[in-house]
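Trainee: Dropping in model06.tsv, which is TSV, C-alpha atoms (C1' of nucleotides):
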chain	number	residue	atom	x	y	z
A	1	MET	CA	0.00	0.00	0.00
A	2	SER	CA	1.30	3.39	-0.93
A	3	SER	CA	2.05	6.03	1.64
A	4	PHE	CA	0.90	8.51	-0.95
A	5	LEU	CA	-2.76	7.55	-1.12
A	6	PRO	CA	-3.91	9.86	1.68
A	7	THR	CA	-2.26	12.72	-0.13
A	8	GLU	CA	-4.19	11.94	-3.27
A	9	LYS	CA	-7.45	11.85	-1.36
A	10	ARG	CA	-6.68	15.26	0.04
A	11	LEU	CA	-5.93	16.65	-3.37
A	12	ALA	CA	-9.28	15.39	-4.58
A	13	VAL	CA	-11.06	17.20	-1.77
A	14	THR	CA	-9.03	20.33	-2.41
A	15	ARG	CA	-10.00	20.28	-6.04
A	16	ARG	CA	-13.66	19.92	-5.15
A	17	ARG	CA	-13.45	22.99	-2.96
A	18	HIS	CA	-11.30	24.98	-5.34
A	19	PRO	CA	-11.74	23.75	-8.92
A	20	ALA	CA	-8.86	25.81	-10.31
A	21	PHE	CA	-6.40	23.89	-8.17
A	22	PRO	CA	-3.98	22.12	-10.55
A	23	ARG	CA	-4.03	18.57	-9.32
A	24	GLY	CA	-1.28	17.25	-11.58
A	25	SER	CA	1.23	19.91	-10.63
A	26	ALA	CA	0.47	19.57	-6.97
A	27	VAL	CA	0.91	15.81	-7.10
A	28	LEU	CA	4.33	16.21	-8.65
A	29	VAL	CA	5.42	18.74	-6.07
A	30	ARG	CA	4.22	16.62	-3.20
A	31	LEU	CA	5.85	13.50	-4.60
A	32	VAL	CA	9.13	15.33	-4.81
A	33	LYS	CA	8.73	16.42	-1.23
A	34	HIS	CA	7.95	12.92	0.01
A	35	LEU	CA	10.80	11.38	-1.92
A	36	HIS	CA	13.25	13.95	-0.70
A	37	LYS	CA	12.33	13.24	2.87
A	38	ARG	CA	12.78	9.49	2.45
A	39	VAL	CA	16.09	9.84	0.67
A	40	HIS	CA	17.37	12.31	3.22
A	41	ASP	CA	16.34	10.27	6.24
A	42	GLU	CA	17.78	7.02	4.92
A	43	ALA	CA	21.03	8.67	3.95
A	44	ASN	CA	21.36	10.18	7.40
A	45	ALA	CA	20.83	6.79	9.00
A	46	ALA	CA	23.39	5.14	6.73
A	47	LEU	CA	25.96	7.84	7.41
A	48	LYS	CA	25.60	7.97	11.15
A	49	PRO	CA	28.05	5.08	11.75
A	50	PHE	CA	30.66	7.13	9.90
A	51	GLY	CA	30.08	10.21	12.00
A	52	LEU	CA	28.62	12.24	9.15
A	53	ASN	CA	25.26	13.68	8.28
A	54	HIS	CA	23.82	14.06	4.80
A	55	PRO	CA	24.92	17.65	4.14
A	56	GLN	CA	28.46	16.89	5.25
A	57	TYR	CA	28.55	13.80	3.05
A	58	ASN	CA	27.32	15.85	0.12
A	59	LEU	CA	30.12	18.34	0.53
A	60	LEU	CA	32.72	15.59	0.65
A	61	MET	CA	31.27	13.99	-2.47
A	62	MET	CA	31.29	17.29	-4.33
A	63	LEU	CA	35.01	17.54	-3.66
A	64	TYR	CA	35.52	13.88	-4.49
A	65	GLY	CA	33.77	14.47	-7.81
A	66	THR	CA	35.94	17.43	-8.75
A	67	ASP	CA	39.05	17.11	-10.86
A	68	GLY	CA	41.96	19.27	-9.88
A	69	ASP	CA	42.67	21.28	-6.79
A	70	GLY	CA	39.36	21.71	-5.09
A	71	LEU	CA	36.54	24.18	-4.84
A	72	ASN	CA	35.93	27.59	-3.34
A	73	PRO	CA	33.28	27.86	-0.64
A	74	SER	CA	30.94	29.58	-3.05
A	75	GLN	CA	31.37	26.93	-5.71
A	76	LEU	CA	30.75	24.32	-3.09
A	77	ALA	CA	27.59	26.09	-1.97
A	78	GLU	CA	26.32	26.13	-5.53
A	79	ALA	CA	27.29	22.49	-6.10
A	80	ALA	CA	25.69	21.18	-2.95
A	81	GLY	CA	22.64	23.42	-3.04
A	82	GLU	CA	23.44	24.99	0.29
A	83	LYS	CA	23.27	28.64	1.23
A	84	ALA	CA	26.66	30.31	1.44
A	85	ALA	CA	26.36	30.97	5.15
A	86	ASN	CA	25.80	27.31	5.77
A	87	ILE	CA	29.01	26.35	4.05
A	88	THR	CA	31.12	28.09	6.64
A	89	ARG	CA	29.63	26.05	9.44
A	90	LEU	CA	29.68	22.75	7.56
A	91	THR	CA	33.24	23.19	6.34
A	92	ASN	CA	34.30	24.16	9.85
A	93	GLU	CA	32.94	20.86	11.09
A	94	LEU	CA	34.71	18.94	8.35
A	95	CYS	CA	37.96	20.80	8.99
A	96	GLU	CA	37.77	20.01	12.70
A	97	LYS	CA	37.45	16.35	11.82
A	98	GLY	CA	40.46	16.68	9.56
A	99	LEU	CA	38.54	15.57	6.47
A	100	ILE	CA	39.08	18.68	4.39
A	101	GLU	CA	41.46	21.59	4.49
A	102	ARG	CA	41.41	25.25	3.60
A	103	ALA	CA	44.14	26.90	1.61
A	104	ALA	CA	44.48	30.46	0.37
A	105	SER	CA	43.89	30.89	-3.32
A	106	GLU	CA	46.92	31.85	-5.39
A	107	ASP	CA	45.26	34.31	-7.72
A	108	ASP	CA	42.65	35.95	-5.52
A	109	ARG	CA	43.34	36.52	-1.88
A	110	ARG	CA	39.65	36.79	-1.08
A	111	LYS	CA	39.20	33.19	-2.07
A	112	LEU	CA	39.90	29.92	-0.35
A	113	VAL	CA	40.39	26.52	-1.86
A	114	LEU	CA	38.79	23.62	-0.05
A	115	SER	CA	40.13	20.16	-0.72
A	116	LEU	CA	39.96	16.66	0.70
A	117	THR	CA	42.70	15.54	3.04
A	118	PRO	CA	44.02	11.97	2.80
A	119	ALA	CA	41.85	11.20	5.82
A	120	GLY	CA	38.82	12.61	4.01
A	121	LEU	CA	39.56	10.54	0.95
A	122	ALA	CA	40.02	7.45	3.08
A	123	LEU	CA	36.69	8.02	4.81
A	124	ILE	CA	34.91	8.35	1.48
A	125	GLU	CA	36.39	5.12	0.20
A	126	ARG	CA	35.37	3.46	3.42
A	127	LEU	CA	31.75	4.63	3.33
A	128	LEU	CA	31.11	4.36	-0.39
A	129	PRO	CA	30.25	0.64	-0.29
A	130	SER	CA	27.42	1.36	2.14
A	131	ILE	CA	26.21	4.30	0.09
A	132	CYS	CA	26.35	2.42	-3.19
A	133	ALA	CA	24.34	-0.40	-1.64
A	134	LEU	CA	21.78	2.08	-0.34
A	135	LEU	CA	21.45	3.83	-3.69
A	136	ASP	CA	21.03	0.53	-5.51
A	137	GLU	CA	18.40	-0.55	-3.06
A	138	GLN	CA	16.49	2.72	-3.25
A	139	THR	CA	16.07	2.47	-7.00
A	140	ARG	CA	15.60	-1.27	-7.23
A	141	GLY	CA	11.86	-0.88	-7.81
A	142	LEU	CA	12.51	0.82	-11.12
A	143	ALA	CA	13.60	-1.08	-14.20
A	144	ALA	CA	16.59	0.37	-16.04
A	145	PRO	CA	14.53	1.97	-18.84
A	146	GLU	CA	12.18	3.44	-16.26
A	147	GLN	CA	15.13	4.97	-14.43
A	148	ALA	CA	16.33	6.50	-17.67
A	149	GLU	CA	12.91	7.89	-18.48
A	150	LEU	CA	12.48	9.22	-14.97
A	151	GLU	CA	15.86	10.91	-15.22
A	152	ARG	CA	14.87	12.52	-18.51
A	153	LEU	CA	11.57	13.81	-17.13
A	154	LEU	CA	13.05	15.11	-13.90
A	155	LYS	CA	15.67	17.00	-15.85
A	156	LYS	CA	13.00	18.54	-18.01
A	157	PHE	CA	11.06	19.45	-14.88
A	158	LEU	CA	14.16	21.08	-13.42
A	159	ASP	CA	14.86	22.89	-16.68
A	160	GLY	CA	11.58	24.69	-16.28
A	161	PHE	CA	12.89	26.24	-13.07
A	162	ASP	CA	16.17	27.24	-14.63
A	163	ARG	CA	14.41	28.90	-17.51
A	164	ARG	CA	12.34	31.14	-15.25
A	165	ALA	CA	15.06	31.96	-12.74
B	1	MET	CA	21.63	25.70	-19.97
B	2	SER	CA	20.85	23.28	-17.23
B	3	SER	CA	21.89	23.91	-13.66
B	4	PHE	CA	22.35	20.19	-13.41
B	5	LEU	CA	25.28	19.82	-15.78
B	6	PRO	CA	27.99	20.39	-13.16
B	7	THR	CA	26.42	17.66	-11.07
B	8	GLU	CA	26.62	15.25	-13.98
B	9	LYS	CA	30.27	16.08	-14.52
B	10	ARG	CA	30.96	15.34	-10.88
B	11	LEU	CA	29.18	12.04	-11.08
B	12	ALA	CA	31.34	11.09	-14.04
B	13	VAL	CA	34.49	11.86	-12.07
B	14	THR	CA	33.14	9.97	-9.07
B	15	ARG	CA	32.45	6.95	-11.22
B	16	ARG	CA	35.97	7.03	-12.61
B	17	ARG	CA	37.39	6.99	-9.12
B	18	HIS	CA	34.97	4.43	-7.79
B	19	PRO	CA	33.56	2.30	-10.60
B	20	ALA	CA	30.93	0.62	-8.43
B	21	PHE	CA	29.21	3.94	-7.87
B	22	PRO	CA	25.68	3.67	-9.31
B	23	ARG	CA	25.43	6.69	-11.55
B	24	GLY	CA	21.76	6.28	-12.45
B	25	SER	CA	20.56	6.04	-8.88
B	26	ALA	CA	22.70	8.93	-7.77
B	27	VAL	CA	21.39	11.13	-10.56
B	28	LEU	CA	17.82	10.46	-9.52
B	29	VAL	CA	18.55	11.22	-5.89
B	30	ARG	CA	20.32	14.44	-6.73
B	31	LEU	CA	17.60	15.53	-9.11
B	32	VAL	CA	15.05	15.04	-6.36
B	33	LYS	CA	17.18	17.10	-4.03
B	34	HIS	CA	17.60	19.94	-6.53
B	35	LEU	CA	13.91	19.98	-7.39
B	36	HIS	CA	12.87	19.97	-3.78
B	37	LYS	CA	15.04	22.95	-3.09
B	38	ARG	CA	13.62	24.92	-5.98
B	39	VAL	CA	10.04	24.09	-5.14
B	40	HIS	CA	10.53	24.90	-1.48
B	41	ASP	CA	12.27	28.21	-2.11
B	42	GLU	CA	9.73	29.42	-4.64
B	43	ALA	CA	6.83	28.42	-2.44
B	44	ASN	CA	8.33	30.30	0.49
B	45	ALA	CA	8.74	33.39	-1.63
B	46	ALA	CA	5.18	33.20	-2.89
B	47	LEU	CA	3.79	32.72	0.62
B	48	LYS	CA	5.73	35.47	2.30
B	49	PRO	CA	3.21	38.19	1.36
B	50	PHE	CA	0.58	36.17	3.19
B	51	GLY	CA	2.65	35.85	6.34
B	52	LEU	CA	3.14	32.12	5.99
B	53	ASN	CA	6.06	29.84	5.32
B	54	HIS	CA	5.93	26.60	3.37
B	55	PRO	CA	5.46	24.20	6.31
B	56	GLN	CA	2.66	26.33	7.71
B	57	TYR	CA	0.98	26.45	4.32
B	58	ASN	CA	1.27	22.69	4.04
B	59	LEU	CA	-0.48	22.20	7.34
B	60	LEU	CA	-3.31	24.49	6.33
B	61	MET	CA	-3.71	22.69	3.02
B	62	MET	CA	-3.80	19.31	4.71
B	63	LEU	CA	-6.72	20.54	6.79
B	64	TYR	CA	-8.34	22.15	3.76
B	65	GLY	CA	-8.06	18.83	1.94
B	66	THR	CA	-9.71	16.84	4.69
B	67	ASP	CA	-13.40	16.09	4.77
B	68	GLY	CA	-15.10	16.24	8.10
B	69	ASP	CA	-13.97	17.63	11.39
B	70	GLY	CA	-10.23	17.94	11.14
B	71	LEU	CA	-7.11	16.04	12.01
B	72	ASN	CA	-5.17	15.05	15.09
B	73	PRO	CA	-1.68	16.40	15.47
B	74	SER	CA	-0.21	13.01	14.72
B	75	GLN	CA	-2.29	12.58	11.57
B	76	LEU	CA	-1.24	16.01	10.51
B	77	ALA	CA	2.40	15.15	11.10
B	78	GLU	CA	2.06	12.09	8.93
B	79	ALA	CA	0.17	13.98	6.24
B	80	ALA	CA	2.61	16.85	6.03
B	81	GLY	CA	5.76	14.77	6.46
B	82	GLU	CA	6.79	16.65	9.58
B	83	LYS	CA	8.13	15.19	12.78
B	84	ALA	CA	5.58	15.12	15.57
B	85	ALA	CA	7.55	17.51	17.72
B	86	ASN	CA	7.48	20.05	14.94
B	87	ILE	CA	3.72	19.98	14.72
B	88	THR	CA	3.32	21.39	18.20
B	89	ARG	CA	5.36	24.44	17.35
B	90	LEU	CA	3.81	24.97	13.92
B	91	THR	CA	0.25	24.57	15.15
B	92	ASN	CA	1.00	26.94	18.00
B	93	GLU	CA	2.02	29.53	15.46
B	94	LEU	CA	-1.10	28.95	13.41
B	95	CYS	CA	-3.28	29.09	16.52
B	96	GLU	CA	-1.74	32.37	17.54
B	97	LYS	CA	-2.60	33.78	14.16
B	98	GLY	CA	-6.13	32.51	14.62
B	99	LEU	CA	-6.00	30.35	11.50
B	100	ILE	CA	-6.68	27.02	13.17
B	101	GLU	CA	-8.11	25.89	16.47
B	102	ARG	CA	-7.64	23.01	18.84
B	103	ALA	CA	-10.52	21.07	20.31
B	104	ALA	CA	-10.61	18.07	22.60
B	105	SER	CA	-11.50	14.83	20.90
B	106	GLU	CA	-14.82	13.27	21.84
B	107	ASP	CA	-13.83	9.64	21.82
B	108	ASP	CA	-10.25	9.75	23.05
B	109	ARG	CA	-9.32	12.34	25.57
B	110	ARG	CA	-5.64	12.02	24.76
B	111	LYS	CA	-6.34	13.41	21.33
B	112	LEU	CA	-6.93	16.85	19.95
B	113	VAL	CA	-8.76	17.82	16.81
B	114	LEU	CA	-7.23	20.58	14.75
B	115	SER	CA	-9.43	22.42	12.33
B	116	LEU	CA	-9.45	25.55	10.22
B	117	THR	CA	-11.12	28.64	11.58
B	118	PRO	CA	-13.13	30.86	9.24
B	119	ALA	CA	-10.11	33.15	9.15
B	120	GLY	CA	-7.90	30.23	8.14
B	121	LEU	CA	-10.32	29.25	5.42
B	122	ALA	CA	-10.48	32.81	4.18
B	123	LEU	CA	-6.70	33.07	4.06
B	124	ILE	CA	-6.47	29.89	2.02
B	125	GLU	CA	-9.02	31.14	-0.47
B	126	ARG	CA	-7.11	34.36	-0.69
B	127	LEU	CA	-3.72	32.78	-1.35
B	128	LEU	CA	-4.81	29.90	-3.58
B	129	PRO	CA	-4.82	31.97	-6.77
B	130	SER	CA	-1.13	32.77	-6.28
B	131	ILE	CA	-0.30	29.19	-5.44
B	132	CYS	CA	-2.24	27.78	-8.37
B	133	ALA	CA	-0.43	30.17	-10.69
B	134	LEU	CA	2.90	29.14	-9.24
B	135	LEU	CA	2.15	25.44	-9.57
B	136	ASP	CA	1.01	25.88	-13.15
B	137	GLU	CA	4.11	27.82	-13.97
B	138	GLN	CA	6.43	25.32	-12.34
B	139	THR	CA	5.15	22.45	-14.45
B	140	ARG	CA	4.62	24.35	-17.64
B	141	GLY	CA	7.72	22.83	-19.20
B	142	LEU	CA	6.12	19.40	-19.14
B	143	ALA	CA	3.42	18.36	-21.57
B	144	ALA	CA	0.35	16.75	-20.02
B	145	PRO	CA	1.33	13.18	-20.95
B	146	GLU	CA	4.81	13.79	-19.61
B	147	GLN	CA	3.36	14.98	-16.33
B	148	ALA	CA	1.28	11.84	-16.13
B	149	GLU	CA	4.25	9.62	-16.87
B	150	LEU	CA	6.41	11.48	-14.39
B	151	GLU	CA	3.73	11.06	-11.77
B	152	ARG	CA	3.57	7.33	-12.45
B	153	LEU	CA	7.33	6.90	-12.21
B	154	LEU	CA	7.71	8.98	-9.08
B	155	LYS	CA	5.00	6.95	-7.39
B	156	LYS	CA	6.77	3.76	-8.33
B	157	PHE	CA	10.00	5.22	-7.01
B	158	LEU	CA	8.29	6.10	-3.74
B	159	ASP	CA	6.70	2.66	-3.54
B	160	GLY	CA	10.17	1.16	-3.33
B	161	PHE	CA	10.73	3.07	-0.10
B	162	ASP	CA	7.41	2.02	1.36
B	163	ARG	CA	8.10	-1.60	0.58
B	164	ARG	CA	11.37	-1.63	2.47
B	165	ALA	CA	10.29	0.46	5.44
C	1	DG	C1'	-10.81	-4.06	38.28
C	2	DC	C1'	-6.04	-3.45	38.86
C	3	DT	C1'	-1.16	-3.14	37.01
C	4	DA	C1'	1.68	-2.88	32.77
C	5	DT	C1'	2.19	-1.37	28.34
C	6	DT	C1'	1.06	1.85	24.42
C	7	DT	C1'	-0.16	5.90	22.54
C	8	DA	C1'	-0.99	11.16	22.06
C	9	DA	C1'	0.73	15.36	22.78
C	10	DT	C1'	3.93	18.47	24.50
C	11	DA	C1'	8.11	20.77	26.88
C	12	DC	C1'	12.66	21.38	26.94
C	13	DA	C1'	17.35	21.13	25.35
C	14	DT	C1'	20.12	20.72	21.32
C	15	DA	C1'	21.34	21.16	16.61
C	16	DA	C1'	20.84	23.03	12.04
C	17	DA	C1'	19.63	26.53	8.74
C	18	DT	C1'	18.80	31.30	7.51
C	19	DA	C1'	19.13	36.35	7.23
C	20	DT	C1'	21.86	40.15	8.15
C	21	DA	C1'	25.73	42.64	8.67
C	22	DC	C1'	30.73	43.06	8.47
C	23	DT	C1'	35.78	42.67	6.72
C	24	DA	C1'	38.96	42.32	3.17
C	25	DT	C1'	40.21	42.16	-1.55
C	26	DA	C1'	39.50	42.81	-6.37
C	27	DG	C1'	38.24	45.28	-10.51
C	28	DC	C1'	36.75	49.26	-12.71
C	29	DC	C1'	36.60	53.97	-14.38
C	30	DG	C1'	37.24	58.78	-13.97
D	1	DC	C1'	46.55	56.67	-9.00
D	2	DG	C1'	42.10	57.30	-5.85
D	3	DG	C1'	37.72	56.36	-4.94
D	4	DC	C1'	33.61	53.63	-6.09
D	5	DT	C1'	31.30	49.31	-6.50
D	6	DA	C1'	31.16	44.38	-6.51
D	7	DT	C1'	32.56	40.02	-4.66
D	8	DA	C1'	34.39	36.21	-1.34
D	9	DG	C1'	34.09	34.65	2.96
D	10	DT	C1'	32.68	34.69	7.61
D	11	DA	C1'	30.68	36.02	12.25
D	12	DT	C1'	26.64	36.91	14.71
D	13	DA	C1'	21.83	36.78	15.96
D	14	DT	C1'	17.53	34.72	14.91
D	15	DT	C1'	14.55	31.31	13.27
D	16	DT	C1'	13.52	26.66	12.40
D	17	DA	C1'	13.94	21.73	13.08
D	18	DT	C1'	15.12	17.56	15.76
D	19	DG	C1'	15.84	14.30	19.69
D	20	DT	C1'	14.74	13.04	24.21
D	21	DA	C1'	12.05	13.06	28.22
D	22	DT	C1'	7.58	13.87	30.47
D	23	DT	C1'	2.64	13.84	31.34
D	24	DA	C1'	-1.76	12.03	30.79
D	25	DA	C1'	-4.99	8.91	29.06
D	26	DA	C1'	-6.39	4.73	26.80
D	27	DT	C1'	-5.88	-0.34	26.03
D	28	DA	C1'	-4.35	-5.18	27.17
D	29	DG	C1'	-3.50	-8.98	30.04
D	30	DC	C1'	-4.06	-11.10	33.90
Reformat the file's structure so that it appears as structure tokens.

Mentor:
Amino acid sequence: MSSFLPTEKRLAVTRRRHPAFPRGSAVLVRLVKHLHKRVHDEANAALKPFGLNHPQYNLLMMLYGTDGDGLNPSQLAEAAGEKAANITRLTNELCEKGLIERAASEDDRRKLVLSLTPAGLALIERLLPSICALLDEQTRGLAAPEQAELERLLKKFLDGFDRRA
Amino acid sequence: MSSFLPTEKRLAVTRRRHPAFPRGSAVLVRLVKHLHKRVHDEANAALKPFGLNHPQYNLLMMLYGTDGDGLNPSQLAEAAGEKAANITRLTNELCEKGLIERAASEDDRRKLVLSLTPAGLALIERLLPSICALLDEQTRGLAAPEQAELERLLKKFLDGFDRRA
DNA sequence: GCTATTTAATACATAAATATACTATAGCCG
DNA sequence: CGGCTATAGTATATTTATGTATTAAATAGC
């Protein structure tokens, strides 16, 4: 039984009371919200044994996925979808754990370069098996072509936001 | 240009460093995260003129979408995807604004029934035009059949979580 | 019909996220 | 140059969310 059924019932009632309410759009938005919550919660649980939370993990993975020296705090904010002010706190935490390090930028003294330390890299390699298993499990209900189609449609959905921004 | 391209580049690098990393699953998860952020931020901006934030709006809409008397705090938590402890604070705020009210439940004196006040109903009717416009705009990039297909796939995606929970 | 366990709701302490304001550097243009 | 504006990063205060413990009432098992 789907956890989403009650939501659909509510949308039906809403539409009855306010006929202009766009059911389809609202369903999509609420599905995204529900999915995000599930993904976030499960990731947090999987990361807890490694002493990380989901935002911290995301930052580490952004650095892991970057060729070259590293990223500035503002690039990292953009990459991870965090507000700039949040990056300071999160990177402080990661620095204190010795997982990343700050270095002054060569060409612009306002900038910093954040990069993984060997310890940070080692932690990532240690936790990736768990994360890969979790990701595989989370999408196991979707056949490969469905995953591809879902990816295509989500990208198109996201493009709509970019276009208006 | 898509805001998602940098993410895809990073996933490619990640996969090179750690070949077992499931690219497809990770893309879906990150797309959900990006979309959630956009939806949430735009909703907050649209609601600000009405003195509400997104969680508060969600609670009101859950009540608006419910036939009958109202909901208990715990039902509301489930419906809105909020933790129970959060509901107390959020409903306090809405009570203070006079938008909802608490009543003792008839059949179980541990329970409360939360319901919209006339003022709450009036506020909803007043803000729905803005919200409907926003929802329509957010999904305008998707043709109707694409929306339907996306809805189907997202539900299937979500079902996978329910099944394992 | 009494105790033992569950459940509903909340209070309180803690943690996380956000908005705002501030410092330092860079780049521009007269 | 010298002053103006824009940008990078962070510190601080405030708001928002979460985890844990507490209170009260209902249910279950004897």

Trainee: Quick one: residues within 9 Å of region 23-26 of chain D, all atoms listed in the file, excluding same-chain residues fewer than 5 positions away - as an NGL selection string?

Mentor: (:B and (108-110)) or (:C and (6-10))

Trainee: Could those residues be written to a file, using C-alpha atoms (C1' of nucleotides), as a compact mmCIF listing (two decimals), in the frame of the given file?

Mentor:
# COMPACT_ATOMS: atom_id res chain seq x y z
CA ASP B 108 -10.25 9.75 23.05
CA ARG B 109 -9.32 12.34 25.57
CA ARG B 110 -5.64 12.02 24.76
C1' DT C 6 1.06 1.85 24.42
C1' DT C 7 -0.16 5.90 22.54
C1' DA C 8 -0.99 11.16 22.06
C1' DA C 9 0.73 15.36 22.78
C1' DT C 10 3.93 18.47 24.50

Trainee: For DT20 (chain D), list every protein, DNA or RNA residue within 12 Å, evaluated using only C-alpha atoms (C1' of nucleotides), and leave out those in the same chain fewer than 5 positions away; present the list as an MDAnalysis selection string.

Mentor: (chainID B and resid 85) or (chainID C and resid 11:14)

Trainee: For region 17-26 of chain C, what centre and edge lengths in Å (one decimal) does the axis-aligned box get once 6 Å is added on each side of all its listed atoms, as AutoDock Vina command-line options?

Mentor:
--center_x 29.5 --center_y 34.8 --center_z 1.2 --size_x 33.4 --size_y 28.5 --size_z 27.1

Trainee: So, with only C-alpha atoms as the atoms that count, which of B:Gly120, B:Pro55, B:Gly141, B:Pro49 lies closest to chain A?

Mentor: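 Counting only C-alpha atoms, the residue closest to chain A is B:Gly141.
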
Trainee: Select, from A:Glu8, A:Glu96, A:Asp69, A:Asp107, the residue with the minimum atom-to-atom distance to chain C, counting all atoms listed in the file.

Mentor: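 Ranked by minimum distance to chain C, first place goes to A:Asp107.
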
Trainee: Tell me the residues of chain B close to chain A, meaning within 6 Å using all atoms listed in the file, as a PyMOL selection string.

Mentor: chain B and resi 10+13-14+21+25+65-66+132+135+141+160

Trainee: Please measure the separation of C1' of DG9 (chain D) and CA of Ala122 (chain A), giving the value in Å to one decimal.

Mentor: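 Between C1' of DG9 (chain D) and CA of Ala122 (chain A) the gap works out to 27.8 Å.
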
Trainee: Neighbours of Leu121 (chain B) within 9 Å (all atoms listed in the file; same-chain residues fewer than 4 positions away dropped), as a list in words?

Mentor: Leu60, Tyr64, Leu99, Ile100, Leu116, Thr117, Glu125 and Arg126 of chain B

Trainee: Between CA of Ile87 (chain A) and CA of His54 (chain B), measure the distance and give it in Å to one decimal.

Mentor: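 Computing it gives 23.1 Å between the two atoms.
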
Trainee: Between CA of Ser115 (chain A) and CA of Glu101 (chain A), what is the distance, to one decimal in Å?

Mentor: 5.6 Å

Trainee: Taking only C-alpha atoms (C1' of nucleotides) into account, which residues of chain D are within 9 Å of chain A, as a ChimeraX atom specification?

Mentor: /D:7-10

Trainee: Using only C-alpha atoms (C1' of nucleotides), can you tell me which of C:DT3, C:DT25, C:DA19, C:DG30 comes closest to chain A?

Mentor: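 When distances to chain A are compared using only C-alpha atoms (C1' of nucleotides), the smallest one comes from C:DT25.
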
Trainee: Against chain A, which residues of chain C fall within 10 Å? For each one I want the closest pair of atoms and the distance in Å (one decimal), counting all atoms listed in the file, rows by chain and increasing residue number, as a Markdown table.

Mentor:
| residue | atom | partner | partner_atom | distance |
| --- | --- | --- | --- | --- |
| C:DA16 | C1' | A:Asn86 | CA | 9.1 |
| C:DA17 | C1' | A:Asn86 | CA | 6.9 |
| C:DT18 | C1' | A:Ala85 | CA | 7.9 |
| C:DA19 | C1' | A:Ala85 | CA | 9.2 |
| C:DA24 | C1' | A:Arg110 | CA | 7.0 |
| C:DT25 | C1' | A:Arg110 | CA | 5.4 |
| C:DA26 | C1' | A:Asp108 | CA | 7.6 |
